[in-house]
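One structure is given below, encoded as structure tokens.
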Amino acid sequence: MSLALTIVFFFLGLIIGSFLNVIIFRFNTDRNLGGRSGCLSCRRVLAWYELIPVLSYFFLWGRCRGCKSFISMQYPIVEVISGLVFALIFLKFQDVFYLSTLSFSASYAYYTTMFSLLLVIAVYDLRHKIIPDVLSFVFGALAFVGLFFFSGYSFFPHIPVLSEFASGALLALPFALLWLISRGSWMGLGDAKLALGLGWLLGFANIITSVAVAFWFGAIVGVILFLFSKKYKMKSEIPFAPFLVVGAFIIFAFGLDLFNLHLLF
């Protein structure tokens, strides 16, 4: 039963991932988010069978059926990542699924929305090396509202304690200081804005582990890119938001606590 439901939620994530691609490609452009999907090169409106998540990309051999231009690999990659996010979030809350429909529905809807938004932010930052303020503010506002309805990732309407309110600022402050001291050369201010919402989303006990995982992933990728840049004369600038998002999701999905902070808070 759990396997079947996991597959169902994975396919739901694939569908949502297709919509997330639309947001990523059309955000801050002259194209309407609600318009018909079309080729970015020739603007031909796509048929329904060209919009099947992941499968259509491979059936079309990664090219537009009309103008034969290449289709970005971002489409299937984002769709698969979204599917995995939706499946893993279901697995995290599967016990709640069998106990309380209300609690599961509230938790699942909230956290899939939050990590879908984070996926958009991460991919947009990879593409454009900037985090749009409106996305950070929407994410931060939703994370702040979540303080009143979720505790320890469980649906639990309550008045947040001081540590829950402070978690956002505690995570954002170091990033803001790095931006200020380096005048933006070490860290962008957008990362600090994103960190504010991440702190509220993860909670006080999880933010240090999350940042540690983010920096470790960033260091590994940075070394790899450095070696490739030496060999192939590549120049690369690495945005940090994707690593913050990866670290946040790992902590959320797998309950990783490297420093046993849950024993203190």
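Just so we're on the same page: first chain in the structure tokens is A, next is B, and so on; residues restart at 1 for each chain, and ligands are numbered from 1 in the order they show up.
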
Which residues of stretch 5-52 of chain A come within 6 Å of stretch 81-90 of chain A, and for each one, what is the closest pair of atoms and their distance in Å to one decimal, counting only C-alpha atoms, sorted by chain and residue number, as CSV?
```
residue,atom,partner,partner_atom,distance
A:Thr6,CA,A:Ala87,CA,5.3
A:Phe9,CA,A:Ala87,CA,5.3
A:Phe10,CA,A:Gly83,CA,4.3
A:Gly13,CA,A:Gly83,CA,3.8
A:Leu14,CA,A:Gly83,CA,4.6
A:Gly17,CA,A:Ser82,CA,5.1
```

Written selection (N, CA and C atoms) as a compact mmCIF listing (two decimals), in the first residue's frame:
```txt
# COMPACT_ATOMS: atom_id res chain seq x y z
N THR A 6 3.32 5.92 -2.62
CA THR A 6 4.55 6.66 -2.90
C THR A 6 4.68 6.92 -4.39
N PHE A 9 2.21 9.69 -5.39
CA PHE A 9 2.68 11.03 -5.04
C PHE A 9 3.90 11.43 -5.87
N PHE A 10 4.70 10.45 -6.28
CA PHE A 10 5.82 10.74 -7.17
C PHE A 10 5.30 11.30 -8.50
N GLY A 13 4.13 14.73 -8.16
CA GLY A 13 5.27 15.64 -8.17
C GLY A 13 5.79 15.91 -9.57
N LEU A 14 5.77 14.88 -10.44
CA LEU A 14 6.18 15.09 -11.83
C LEU A 14 5.31 16.15 -12.51
N GLY A 17 6.08 19.47 -11.11
CA GLY A 17 7.38 19.88 -11.62
C GLY A 17 7.30 20.51 -13.00
```

Please give the complete set of residues from stretch 42-238 of chain A that DSSP, run on the backbone, assigns to strand (DSSP E), formatted as JSON, numbers by chain.
{"A": [150, 151, 154, 155]}

Prev. selection, N, CA and C atoms, output as a PDB file, in the first residue's frame:
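Resulting contents of again.pdb:
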```
ATOM      1  N   PHE A 150       2.560  24.728  12.673  1.00  0.00           N
ATOM      2  CA  PHE A 150       3.364  23.509  12.654  1.00  0.00           C
ATOM      3  C   PHE A 150       4.439  23.595  13.733  1.00  0.00           C
ATOM      4  N   SER A 151       4.630  22.488  14.417  1.00  0.00           N
ATOM      5  CA  SER A 151       5.669  22.398  15.447  1.00  0.00           C
ATOM      6  C   SER A 151       6.374  21.059  15.274  1.00  0.00           C
ATOM      7  N   SER A 154       4.994  18.833  12.568  1.00  0.00           N
ATOM      8  CA  SER A 154       3.661  18.268  12.752  1.00  0.00           C
ATOM      9  C   SER A 154       2.626  19.388  12.769  1.00  0.00           C
ATOM     10  N   PHE A 155       1.451  19.112  12.266  1.00  0.00           N
ATOM     11  CA  PHE A 155       0.371  20.087  12.266  1.00  0.00           C
ATOM     12  C   PHE A 155      -0.112  20.279  13.696  1.00  0.00           C
TER      13      PHE A 155
END
```

Would you mind listing what lies within 12 Å of A:Lys92 as an MDAnalysis selection string, with only C-alpha atoms counted and same-chain residues fewer than 3 positions away left out?
chainID A and resid 2 6 85:89 95:97 104 107:108 111:112 153:154 249:255

Keeping C-alpha atoms, export the residues of the selection given above as a PDB file, in the first residue's frame.
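Written output follows (again.pdb):
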```pdb
ATOM      1  CA  SER A   2       2.747   2.474   0.969  1.00  0.00           C
ATOM      2  CA  THR A   6       4.549   6.658  -2.897  1.00  0.00           C
ATOM      3  CA  VAL A  85      10.465  15.645  -3.283  1.00  0.00           C
ATOM      4  CA  PHE A  86       6.749  14.820  -3.305  1.00  0.00           C
ATOM      5  CA  ALA A  87       7.431  11.101  -2.763  1.00  0.00           C
ATOM      6  CA  LEU A  88       9.891  11.678   0.098  1.00  0.00           C
ATOM      7  CA  ILE A  89       7.569  14.116   1.828  1.00  0.00           C
ATOM      8  CA  ASP A  95       2.268   7.373   9.488  1.00  0.00           C
ATOM      9  CA  VAL A  96       0.156  10.511   9.816  1.00  0.00           C
ATOM     10  CA  PHE A  97      -1.625   9.560   6.578  1.00  0.00           C
ATOM     11  CA  PHE A 104      -1.662  14.717   6.801  1.00  0.00           C
ATOM     12  CA  SER A 107       1.267  18.995   6.550  1.00  0.00           C
ATOM     13  CA  TYR A 108       1.649  17.564   3.060  1.00  0.00           C
ATOM     14  CA  TYR A 111       5.586  21.334   2.951  1.00  0.00           C
ATOM     15  CA  THR A 112       5.188  20.371  -0.715  1.00  0.00           C
ATOM     16  CA  TYR A 153       6.946  19.534  11.258  1.00  0.00           C
ATOM     17  CA  SER A 154       3.661  18.268  12.752  1.00  0.00           C
ATOM     18  CA  PHE A 249      15.540  19.319   2.348  1.00  0.00           C
ATOM     19  CA  ILE A 250      17.990  16.676   3.583  1.00  0.00           C
ATOM     20  CA  ILE A 251      17.463  17.820   7.159  1.00  0.00           C
ATOM     21  CA  PHE A 252      13.700  17.910   6.690  1.00  0.00           C
ATOM     22  CA  ALA A 253      13.258  14.613   4.837  1.00  0.00           C
ATOM     23  CA  PHE A 254      15.717  12.455   6.768  1.00  0.00           C
ATOM     24  CA  GLY A 255      15.754  14.127  10.180  1.00  0.00           C
TER      25      GLY A 255
END
```

All residues 7 Å or closer to stretch 237-241 of chain A, only C-alpha atoms, same chain fewer than 5 positions away omitted, as JSON, numbers by chain
{"A": [122, 125, 126, 129, 191]}

Excluding stretch 206-208 of chain A and its own-chain neighbours fewer than 5 positions away, which residues fall within 9 Å of it when counting only C-alpha atoms? Please give them as a PyMOL selection string.
chain A and resi 167-168+170-171+198-199+213+248+251-252+255-259+261-262

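Taking atom CA of A:Gln74 and atom CA of A:Ser185 as the two end points, the separation is 27.6 Å.
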